[in-house]
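Notes to accompany the following structure.
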Amino acid sequence: DRRPPTFDLEAGVGSGQLTLGGSDPLLHRTTMVYAENVTPLNGWYTVRLKAIFLRPNGGPIWAGGTDPEYFRVDASEEILNGKPGDKGGIIVDSGTTDTYLAERLKPAFDFAFQKALGDPTAEYHNDPIELSPDDLELLPTILFVLKGHAKSIVDGSQPDPSSAVGMVGNPKHNREMLLRKHPNQQTISDIDENDIIVAMPPRHYMEESRAYPGVYVSRIYFTERFGAQDIFGSNFIMGHDVLFDSRNGRVGFAESHCNHQQYLSDKDSLLLTE
């Protein structure tokens, strides 16, 4: 079989699982949704970042209650993706531990971070900080909006937005805040209900020190020069089952329980019912 390979990576805290040939829904807590691989011929899995929102008080993608409040990072797609034009994007790379975004994106991220915390003096940084478990959960969940995979929408493999929480158009999200025009229309791109959302809660971007429990460092770095290659590293993948589908030019994301014992138990139960 000379068809391009497909593999599936499930990444948890201190654990993971690799599936060859497709994805395994027994690992999923949410329906898998698909982002466009915008550079399918260069060997990387590159997604187009269309927007970033910060949602207060942490939690997974479905958290936030009724009509959760989102604070948009006020930046153009060029700044979000760290390069000029509309063809580039950010690579999803499980071999890179942390996430590296454009240096020019940080001022807009800082402003949204302050709004999400309700503190105009708050500063996002990568210095060690002491946090209680409650303080950690008060940090915002970062919602990355990625360009949806057009072919999957046409062929029906992309779930209907009403049934998949990973879709922008899902009613669990504050769709009015996601889809409305931003006052600064010169720098903000339109978002479509068929675009997808990948959530990064604070437990995934804040890493606790093994030597000093209760001390955390944020592992999203705004360090990349404009025109360089930005990277979504393994902390972006963490808590997700990610399908690297070179055959169809897409990257699938589903939130995962990342519990191998639960997976084995569910698999045994499924076999008993067959």
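For the structure tokens, the naming scheme is as follows: chains receive sequential letters (A, B, ...) according to their order of presentation, residues are indexed from 1 within each chain, and ligands are indexed from 1 in presentation order.
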Do you know which residues are at most 9 Å from A:Pro202 counting only C-alpha atoms, after dropping those on the same chain fewer than 2 positions away, and could you put them as a PDB file with all heavy atoms, in the first residue's frame?
```
ATOM      1  N   ASN A  57     -11.249  31.460  33.940  1.00  0.00           N
ATOM      2  CA  ASN A  57     -11.527  30.374  34.890  1.00  0.00           C
ATOM      3  C   ASN A  57     -11.296  28.971  34.343  1.00  0.00           C
ATOM      4  O   ASN A  57     -11.935  28.017  34.786  1.00  0.00           O
ATOM      5  CB  ASN A  57     -12.950  30.488  35.450  1.00  0.00           C
ATOM      6  CG  ASN A  57     -13.164  31.809  36.172  1.00  0.00           C
ATOM      7  OD1 ASN A  57     -12.271  32.298  36.864  1.00  0.00           O
ATOM      8  ND2 ASN A  57     -14.333  32.410  35.983  1.00  0.00           N
ATOM      9  N   GLY A  58     -10.348  28.833  33.415  1.00  0.00           N
ATOM     10  CA  GLY A  58      -9.856  27.521  33.030  1.00  0.00           C
ATOM     11  C   GLY A  58     -10.887  26.559  32.499  1.00  0.00           C
ATOM     12  O   GLY A  58     -11.949  26.938  32.005  1.00  0.00           O
ATOM     13  N   GLY A  59     -10.549  25.271  32.580  1.00  0.00           N
ATOM     14  CA  GLY A  59     -11.462  24.212  32.171  1.00  0.00           C
ATOM     15  C   GLY A  59     -11.264  23.743  30.748  1.00  0.00           C
ATOM     16  O   GLY A  59     -10.602  24.393  29.940  1.00  0.00           O
ATOM     17  N   LEU A 136      -4.392  28.343  40.161  1.00  0.00           N
ATOM     18  CA  LEU A 136      -4.100  27.807  38.832  1.00  0.00           C
ATOM     19  C   LEU A 136      -5.366  27.718  37.992  1.00  0.00           C
ATOM     20  O   LEU A 136      -5.376  28.091  36.805  1.00  0.00           O
ATOM     21  CB  LEU A 136      -3.459  26.427  38.965  1.00  0.00           C
ATOM     22  CG  LEU A 136      -3.105  25.715  37.662  1.00  0.00           C
ATOM     23  CD1 LEU A 136      -2.043  26.478  36.884  1.00  0.00           C
ATOM     24  CD2 LEU A 136      -2.638  24.287  37.935  1.00  0.00           C
ATOM     25  N   GLU A 137      -6.457  27.261  38.592  1.00  0.00           N
ATOM     26  CA  GLU A 137      -7.709  27.094  37.852  1.00  0.00           C
ATOM     27  C   GLU A 137      -8.358  28.421  37.488  1.00  0.00           C
ATOM     28  O   GLU A 137      -9.254  28.472  36.642  1.00  0.00           O
ATOM     29  CB  GLU A 137      -8.682  26.237  38.665  1.00  0.00           C
ATOM     30  CG  GLU A 137      -8.222  24.811  38.870  1.00  0.00           C
ATOM     31  CD  GLU A 137      -7.928  24.082  37.565  1.00  0.00           C
ATOM     32  OE1 GLU A 137      -8.603  24.344  36.551  1.00  0.00           O
ATOM     33  OE2 GLU A 137      -7.005  23.241  37.564  1.00  0.00           O
ATOM     34  N   LEU A 138      -7.935  29.513  38.136  1.00  0.00           N
ATOM     35  CA  LEU A 138      -8.490  30.827  37.807  1.00  0.00           C
ATOM     36  C   LEU A 138      -7.839  31.443  36.573  1.00  0.00           C
ATOM     37  O   LEU A 138      -8.351  32.419  36.018  1.00  0.00           O
ATOM     38  CB  LEU A 138      -8.330  31.786  38.997  1.00  0.00           C
ATOM     39  CG  LEU A 138      -9.210  31.499  40.211  1.00  0.00           C
ATOM     40  CD1 LEU A 138      -8.871  32.448  41.353  1.00  0.00           C
ATOM     41  CD2 LEU A 138     -10.687  31.589  39.863  1.00  0.00           C
ATOM     42  N   LEU A 139      -6.717  30.884  36.147  1.00  0.00           N
ATOM     43  CA  LEU A 139      -6.092  31.379  34.926  1.00  0.00           C
ATOM     44  C   LEU A 139      -6.972  31.030  33.723  1.00  0.00           C
ATOM     45  O   LEU A 139      -7.723  30.056  33.750  1.00  0.00           O
ATOM     46  CB  LEU A 139      -4.704  30.772  34.761  1.00  0.00           C
ATOM     47  CG  LEU A 139      -3.658  31.205  35.790  1.00  0.00           C
ATOM     48  CD1 LEU A 139      -2.356  30.442  35.566  1.00  0.00           C
ATOM     49  CD2 LEU A 139      -3.406  32.708  35.719  1.00  0.00           C
ATOM     50  N   PRO A 140      -6.881  31.801  32.647  1.00  0.00           N
ATOM     51  CA  PRO A 140      -7.772  31.556  31.501  1.00  0.00           C
ATOM     52  C   PRO A 140      -7.390  30.328  30.695  1.00  0.00           C
ATOM     53  O   PRO A 140      -6.213  29.954  30.608  1.00  0.00           O
ATOM     54  CB  PRO A 140      -7.614  32.827  30.652  1.00  0.00           C
ATOM     55  CG  PRO A 140      -6.268  33.366  31.020  1.00  0.00           C
ATOM     56  CD  PRO A 140      -6.063  33.026  32.466  1.00  0.00           C
ATOM     57  N   THR A 141      -8.394  29.691  30.125  1.00  0.00           N
ATOM     58  CA  THR A 141      -8.177  28.696  29.072  1.00  0.00           C
ATOM     59  C   THR A 141      -7.993  29.449  27.761  1.00  0.00           C
ATOM     60  O   THR A 141      -8.719  30.394  27.461  1.00  0.00           O
ATOM     61  CB  THR A 141      -9.367  27.740  28.977  1.00  0.00           C
ATOM     62  OG1 THR A 141      -9.343  26.863  30.116  1.00  0.00           O
ATOM     63  CG2 THR A 141      -9.313  26.893  27.711  1.00  0.00           C
ATOM     64  N   ILE A 142      -6.996  29.028  26.990  1.00  0.00           N
ATOM     65  CA  ILE A 142      -6.708  29.673  25.706  1.00  0.00           C
ATOM     66  C   ILE A 142      -7.398  28.876  24.607  1.00  0.00           C
ATOM     67  O   ILE A 142      -7.205  27.660  24.486  1.00  0.00           O
ATOM     68  CB  ILE A 142      -5.196  29.746  25.454  1.00  0.00           C
ATOM     69  CG1 ILE A 142      -4.500  30.446  26.623  1.00  0.00           C
ATOM     70  CG2 ILE A 142      -4.908  30.481  24.145  1.00  0.00           C
ATOM     71  CD1 ILE A 142      -2.985  30.364  26.570  1.00  0.00           C
ATOM     72  N   MET A 200      -6.663  25.063  25.302  1.00  0.00           N
ATOM     73  CA  MET A 200      -5.448  24.823  26.085  1.00  0.00           C
ATOM     74  C   MET A 200      -5.685  25.373  27.488  1.00  0.00           C
ATOM     75  O   MET A 200      -5.507  26.560  27.741  1.00  0.00           O
ATOM     76  CB  MET A 200      -4.259  25.501  25.416  1.00  0.00           C
ATOM     77  CG  MET A 200      -2.900  25.028  25.875  1.00  0.00           C
ATOM     78  SD  MET A 200      -1.620  25.818  24.852  1.00  0.00           S
ATOM     79  CE  MET A 200      -0.172  24.923  25.388  1.00  0.00           C
ATOM     80  N   HIS A 204      -2.214  22.823  31.133  1.00  0.00           N
ATOM     81  CA  HIS A 204      -1.416  22.380  29.993  1.00  0.00           C
ATOM     82  C   HIS A 204      -0.327  23.378  29.625  1.00  0.00           C
ATOM     83  O   HIS A 204       0.735  22.970  29.135  1.00  0.00           O
ATOM     84  CB  HIS A 204      -2.315  22.114  28.785  1.00  0.00           C
ATOM     85  CG  HIS A 204      -3.259  20.980  28.994  1.00  0.00           C
ATOM     86  ND1 HIS A 204      -4.205  20.612  28.064  1.00  0.00           N
ATOM     87  CD2 HIS A 204      -3.416  20.119  30.031  1.00  0.00           C
ATOM     88  CE1 HIS A 204      -4.904  19.586  28.521  1.00  0.00           C
ATOM     89  NE2 HIS A 204      -4.440  19.272  29.712  1.00  0.00           N
ATOM     90  N   TYR A 205      -0.568  24.674  29.829  1.00  0.00           N
ATOM     91  CA  TYR A 205       0.501  25.625  29.495  1.00  0.00           C
ATOM     92  C   TYR A 205       1.319  26.050  30.715  1.00  0.00           C
ATOM     93  O   TYR A 205       2.404  26.618  30.568  1.00  0.00           O
ATOM     94  CB  TYR A 205      -0.021  26.847  28.733  1.00  0.00           C
ATOM     95  CG  TYR A 205      -1.007  27.749  29.436  1.00  0.00           C
ATOM     96  CD1 TYR A 205      -0.583  28.758  30.294  1.00  0.00           C
ATOM     97  CD2 TYR A 205      -2.372  27.641  29.192  1.00  0.00           C
ATOM     98  CE1 TYR A 205      -1.495  29.608  30.912  1.00  0.00           C
ATOM     99  CE2 TYR A 205      -3.289  28.480  29.793  1.00  0.00           C
ATOM    100  CZ  TYR A 205      -2.847  29.462  30.659  1.00  0.00           C
ATOM    101  OH  TYR A 205      -3.748  30.316  31.263  1.00  0.00           O
ATOM    102  N   MET A 206       0.829  25.771  31.926  1.00  0.00           N
ATOM    103  CA  MET A 206       1.593  26.042  33.145  1.00  0.00           C
ATOM    104  C   MET A 206       2.198  24.720  33.638  1.00  0.00           C
ATOM    105  O   MET A 206       1.468  23.789  33.975  1.00  0.00           O
ATOM    106  CB  MET A 206       0.699  26.642  34.227  1.00  0.00           C
ATOM    107  CG  MET A 206       0.066  27.970  33.854  1.00  0.00           C
ATOM    108  SD  MET A 206       1.266  29.315  33.654  1.00  0.00           S
ATOM    109  CE  MET A 206       1.854  29.526  35.333  1.00  0.00           C
ATOM    110  N   GLU A 207       3.506  24.635  33.662  1.00  0.00           N
ATOM    111  CA  GLU A 207       4.175  23.407  34.079  1.00  0.00           C
ATOM    112  C   GLU A 207       4.676  23.546  35.520  1.00  0.00           C
ATOM    113  O   GLU A 207       5.389  24.500  35.855  1.00  0.00           O
ATOM    114  CB  GLU A 207       5.339  23.079  33.155  1.00  0.00           C
ATOM    115  CG  GLU A 207       6.030  21.777  33.528  1.00  0.00           C
ATOM    116  CD  GLU A 207       7.124  21.407  32.554  1.00  0.00           C
ATOM    117  OE1 GLU A 207       8.133  22.142  32.481  1.00  0.00           O
ATOM    118  OE2 GLU A 207       6.980  20.386  31.869  1.00  0.00           O
ATOM    119  N   SER A 218       5.008  29.212  32.819  1.00  0.00           N
ATOM    120  CA  SER A 218       4.227  29.119  31.584  1.00  0.00           C
ATOM    121  C   SER A 218       5.141  28.716  30.442  1.00  0.00           C
ATOM    122  O   SER A 218       6.236  29.271  30.272  1.00  0.00           O
ATOM    123  CB  SER A 218       3.552  30.450  31.266  1.00  0.00           C
ATOM    124  OG  SER A 218       2.826  30.324  30.062  1.00  0.00           O
TER     125      SER A 218
END
```
Per-residue DSSP, stretch 10-110 of chain A, filtered to strand (DSSP E), as a short mmCIF file (atom, residue, chain, number, x, y, z; two decimals) with N, CA, C and O atoms, in the first residue's frame:
```cif
data_model
loop_
_atom_site.label_atom_id
_atom_site.label_comp_id
_atom_site.auth_asym_id
_atom_site.auth_seq_id
_atom_site.Cartn_x
_atom_site.Cartn_y
_atom_site.Cartn_z
N GLU A 10 -2.14 10.34 21.02
CA GLU A 10 -2.90 10.79 22.18
C GLU A 10 -1.91 11.14 23.26
O GLU A 10 -1.07 10.33 23.65
N ALA A 11 -1.93 12.41 23.71
CA ALA A 11 -0.93 12.91 24.65
C ALA A 11 -1.57 13.34 25.95
O ALA A 11 -2.45 14.21 25.96
N GLY A 12 -1.15 12.73 27.04
CA GLY A 12 -1.63 13.11 28.36
C GLY A 12 -0.48 13.60 29.21
O GLY A 12 0.64 13.78 28.75
N SER A 15 1.91 10.57 29.96
CA SER A 15 1.50 9.35 29.27
C SER A 15 1.09 9.69 27.85
O SER A 15 0.95 10.85 27.48
N GLY A 16 0.89 8.67 27.04
CA GLY A 16 0.45 8.89 25.67
C GLY A 16 0.19 7.57 24.99
O GLY A 16 0.46 6.50 25.53
N GLN A 17 -0.34 7.65 23.77
CA GLN A 17 -0.65 6.43 23.02
C GLN A 17 -0.56 6.75 21.53
O GLN A 17 -0.98 7.82 21.09
N LEU A 18 0.01 5.83 20.78
CA LEU A 18 0.15 5.98 19.34
C LEU A 18 -0.72 4.94 18.65
O LEU A 18 -0.65 3.75 18.97
N THR A 19 -1.54 5.39 17.70
CA THR A 19 -2.39 4.49 16.91
C THR A 19 -2.03 4.67 15.44
O THR A 19 -2.00 5.80 14.95
N LEU A 20 -1.77 3.59 14.75
CA LEU A 20 -1.43 3.65 13.33
C LEU A 20 -2.66 3.32 12.49
O LEU A 20 -3.43 2.42 12.82
N VAL A 33 -12.67 16.72 15.31
CA VAL A 33 -12.90 17.75 14.30
C VAL A 33 -11.59 17.98 13.55
O VAL A 33 -10.51 17.67 14.07
N TYR A 34 -11.68 18.56 12.34
CA TYR A 34 -10.53 18.55 11.44
C TYR A 34 -10.12 19.96 11.01
O TYR A 34 -10.94 20.75 10.55
N ALA A 35 -8.81 20.21 11.16
CA ALA A 35 -8.21 21.45 10.67
C ALA A 35 -7.50 21.17 9.36
O ALA A 35 -7.00 20.06 9.11
N GLU A 36 -7.43 22.18 8.52
CA GLU A 36 -6.71 22.09 7.24
C GLU A 36 -5.21 22.00 7.48
O GLU A 36 -4.65 22.76 8.29
N THR A 46 0.79 21.60 9.19
CA THR A 46 0.74 23.04 9.44
C THR A 46 -0.71 23.51 9.45
O THR A 46 -1.45 23.28 8.49
N VAL A 47 -1.12 24.15 10.54
CA VAL A 47 -2.50 24.63 10.67
C VAL A 47 -2.51 26.15 10.60
O VAL A 47 -1.55 26.81 11.00
N LEU A 49 -3.85 29.51 11.94
CA LEU A 49 -4.46 30.10 13.13
C LEU A 49 -5.26 31.33 12.73
O LEU A 49 -4.71 32.29 12.19
N LYS A 50 -6.56 31.31 12.99
CA LYS A 50 -7.43 32.42 12.59
C LYS A 50 -7.75 33.36 13.74
O LYS A 50 -8.09 34.53 13.51
N ALA A 51 -7.66 32.88 14.97
CA ALA A 51 -7.96 33.74 16.11
C ALA A 51 -7.52 33.06 17.39
O ALA A 51 -7.36 31.83 17.44
N ILE A 52 -7.32 33.87 18.43
CA ILE A 52 -7.10 33.37 19.79
C ILE A 52 -8.07 34.10 20.71
O ILE A 52 -8.20 35.33 20.64
N PHE A 53 -8.75 33.33 21.57
CA PHE A 53 -9.61 33.89 22.60
C PHE A 53 -9.14 33.38 23.95
O PHE A 53 -8.65 32.24 24.06
N LEU A 54 -9.31 34.19 24.98
CA LEU A 54 -9.05 33.76 26.34
C LEU A 54 -10.38 33.69 27.08
O LEU A 54 -11.16 34.66 27.06
N ARG A 55 -10.64 32.55 27.71
CA ARG A 55 -11.88 32.36 28.47
C ARG A 55 -11.53 32.24 29.95
O ARG A 55 -10.74 31.36 30.33
N PHE A 71 -12.32 36.80 25.51
CA PHE A 71 -11.55 38.00 25.22
C PHE A 71 -10.62 37.70 24.06
O PHE A 71 -9.73 36.84 24.16
N ARG A 72 -10.84 38.41 22.96
CA ARG A 72 -10.11 38.12 21.72
C ARG A 72 -8.75 38.82 21.72
O ARG A 72 -8.62 39.97 22.14
N ILE A 90 1.15 27.47 11.49
CA ILE A 90 1.94 27.03 12.63
C ILE A 90 1.99 25.50 12.60
O ILE A 90 0.96 24.85 12.45
N ILE A 91 3.18 24.95 12.72
CA ILE A 91 3.29 23.49 12.65
C ILE A 91 2.89 22.86 13.99
O ILE A 91 3.13 23.43 15.05
N VAL A 92 2.25 21.71 13.91
CA VAL A 92 1.91 20.91 15.09
C VAL A 92 3.00 19.85 15.20
O VAL A 92 3.10 18.96 14.36
N THR A 99 5.40 25.50 23.28
CA THR A 99 4.78 26.21 22.16
C THR A 99 5.48 27.55 21.98
O THR A 99 5.70 28.29 22.95
N TYR A 100 5.81 27.85 20.72
CA TYR A 100 6.57 29.06 20.39
C TYR A 100 5.79 29.87 19.35
O TYR A 100 5.56 29.40 18.23
N LEU A 101 5.39 31.07 19.75
CA LEU A 101 4.61 31.94 18.88
C LEU A 101 5.37 33.23 18.60
O LEU A 101 6.41 33.51 19.19
N ALA A 102 4.81 34.05 17.70
CA ALA A 102 5.50 35.25 17.22
C ALA A 102 5.69 36.27 18.34
O ALA A 102 4.78 36.55 19.12
#
```
Next on the checklist: Can you tell me which residues surround A:Ala164 at a distance of at most 10 Å, considering only C-alpha atoms, apart from same-chain residues fewer than 5 positions away, and format the answer as an NGL selection string?
Outcome noted: :A and (30-33 or 158-159 or 169-172 or 196 or 254)
Item to check | Length of the atom CA of A:Pro161 to atom CA of A:Lys83 vector [Å] | outcome: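 These two atoms are separated by 29.6 Å.
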Next on the checklist: as a list in words, please: the residues near A:Asp119 (cut-off 12 Å, only C-alpha atoms, same-chain neighbours under 6 positions excluded).
Outcome noted: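 The residues that qualify are Pro56, Asp110, Phe111, Ala112, Phe113 and Leu139 of chain A.
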Those selected residues, please, written with C-alpha atoms and delivered as a PDB file, in the first residue's frame.
```pdb
ATOM      1  CA  PRO A  56     -11.685  33.072  32.214  1.00  0.00           C
ATOM      2  CA  ASP A 110      -0.931  40.625  27.200  1.00  0.00           C
ATOM      3  CA  PHE A 111      -3.924  42.959  26.819  1.00  0.00           C
ATOM      4  CA  ALA A 112      -6.393  40.076  26.442  1.00  0.00           C
ATOM      5  CA  PHE A 113      -4.731  38.293  29.390  1.00  0.00           C
ATOM      6  CA  LEU A 139      -6.092  31.379  34.926  1.00  0.00           C
TER       7      LEU A 139
END
```
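Put simply, atom CA of A:Asn37 is 8.3 Å away from atom CA of A:Ser246.
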Next on the checklist: Quick check for you: according to DSSP on this backbone, which residues of stretch 98-139 of chain A are classed as helix (DSSP H, G or I)? Reply as JSON, numbers by chain.
Outcome noted: {"A": [103, 104, 105, 106, 107, 108, 109, 110, 111, 112, 113, 114, 115, 116, 117, 133, 134, 135, 136, 137, 138]}
Written file, previous selection with N, CA, C and O atoms, as a CSV table (one decimal), in the first residue's frame:
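Resulting contents of selection_26.csv:
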```csv
chain,number,residue,atom,x,y,z
A,103,GLU,N,6.9,36.8,18.4
A,103,GLU,CA,7.2,37.9,19.3
A,103,GLU,C,6.2,39.1,19.2
A,103,GLU,O,5.8,39.7,20.2
A,104,ARG,N,5.8,39.4,18.0
A,104,ARG,CA,5.0,40.5,17.7
A,104,ARG,C,3.5,40.3,18.2
A,104,ARG,O,2.7,41.2,18.3
A,105,LEU,N,3.2,39.1,18.6
A,105,LEU,CA,1.9,38.8,19.1
A,105,LEU,C,1.7,39.1,20.6
A,105,LEU,O,0.6,39.3,21.0
A,106,LYS,N,2.8,39.2,21.3
A,106,LYS,CA,2.7,39.3,22.7
A,106,LYS,C,2.0,40.5,23.3
A,106,LYS,O,1.2,40.4,24.2
A,107,PRO,N,2.2,41.7,22.7
A,107,PRO,CA,1.4,42.9,23.3
A,107,PRO,C,-0.1,42.7,23.2
A,107,PRO,O,-0.8,43.0,24.2
A,108,ALA,N,-0.6,42.1,22.1
A,108,ALA,CA,-2.1,41.9,22.0
A,108,ALA,C,-2.5,40.8,23.0
A,108,ALA,O,-3.6,40.8,23.6
A,109,PHE,N,-1.6,39.8,23.1
A,109,PHE,CA,-2.0,38.7,24.1
A,109,PHE,C,-2.0,39.2,25.5
A,109,PHE,O,-2.8,38.9,26.3
A,110,ASP,N,-1.0,40.0,25.9
A,110,ASP,CA,-0.9,40.6,27.2
A,110,ASP,C,-2.2,41.4,27.5
A,110,ASP,O,-2.7,41.3,28.6
A,111,PHE,N,-2.7,42.2,26.6
A,111,PHE,CA,-3.9,43.0,26.8
A,111,PHE,C,-5.1,42.1,27.1
A,111,PHE,O,-5.9,42.3,28.0
A,112,ALA,N,-5.3,41.0,26.2
A,112,ALA,CA,-6.4,40.1,26.4
A,112,ALA,C,-6.2,39.3,27.8
A,112,ALA,O,-7.2,39.0,28.4
A,113,PHE,N,-5.0,39.0,28.1
A,113,PHE,CA,-4.7,38.3,29.4
A,113,PHE,C,-5.2,39.1,30.6
A,113,PHE,O,-5.8,38.6,31.5
A,114,GLN,N,-4.9,40.4,30.5
A,114,GLN,CA,-5.4,41.3,31.6
A,114,GLN,C,-6.9,41.4,31.7
A,114,GLN,O,-7.5,41.4,32.8
A,115,LYS,N,-7.5,41.5,30.5
A,115,LYS,CA,-9.0,41.5,30.5
A,115,LYS,C,-9.6,40.2,31.0
A,115,LYS,O,-10.6,40.3,31.8
A,116,ALA,N,-9.0,39.1,30.7
A,116,ALA,CA,-9.5,37.8,31.1
A,116,ALA,C,-9.4,37.6,32.6
A,116,ALA,O,-10.3,37.0,33.3
A,117,LEU,N,-8.3,38.2,33.2
A,117,LEU,CA,-8.1,38.1,34.7
A,117,LEU,C,-8.8,39.2,35.4
A,117,LEU,O,-8.9,39.2,36.6
A,133,PRO,N,-3.6,25.4,44.0
A,133,PRO,CA,-4.5,24.7,43.0
A,133,PRO,C,-5.6,25.6,42.5
A,133,PRO,O,-6.0,25.6,41.3
A,134,ASP,N,-6.2,26.3,43.4
A,134,ASP,CA,-7.3,27.2,43.1
A,134,ASP,C,-6.9,28.4,42.2
A,134,ASP,O,-7.6,28.8,41.3
A,135,ASP,N,-5.7,28.9,42.5
A,135,ASP,CA,-5.2,30.0,41.7
A,135,ASP,C,-4.9,29.6,40.3
A,135,ASP,O,-5.2,30.3,39.3
A,136,LEU,N,-4.4,28.3,40.2
A,136,LEU,CA,-4.1,27.8,38.8
A,136,LEU,C,-5.4,27.7,38.0
A,136,LEU,O,-5.4,28.1,36.8
A,137,GLU,N,-6.5,27.3,38.6
A,137,GLU,CA,-7.7,27.1,37.9
A,137,GLU,C,-8.4,28.4,37.5
A,137,GLU,O,-9.3,28.5,36.6
A,138,LEU,N,-7.9,29.5,38.1
A,138,LEU,CA,-8.5,30.8,37.8
A,138,LEU,C,-7.8,31.4,36.6
A,138,LEU,O,-8.4,32.4,36.0
```
Item to check | Minimum-distance residue to A:Lys151, chosen among A:Ala122, A:Asn194, A:Thr39, A:Tyr45 (using only C-alpha atoms) | outcome: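 With only C-alpha atoms as the atom set, the closest residue is A:Asn194.
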Next on the checklist: Quick one: residues within 9 Å of A:Thr96, only C-alpha atoms, excluding same-chain residues fewer than 5 positions away - as a ChimeraX atom specification?
Outcome noted: /A:231-235
Item to check | 12 Å contact set for A:Pro128, only C-alpha atoms, chain neighbours under 2 positions out, as a list in words | outcome: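 Result of the neighbour search: Tyr124, His125, Asn126, Glu130, Leu131, Met206, Glu207, Glu208, Ser209, Tyr212, Pro213, Gly214, Val215, Tyr216, Val217, Ser218 and Arg219 of chain A.
The space between atom CA of A:Ser256 and atom CA of A:Ala63 spans 14.6 Å.
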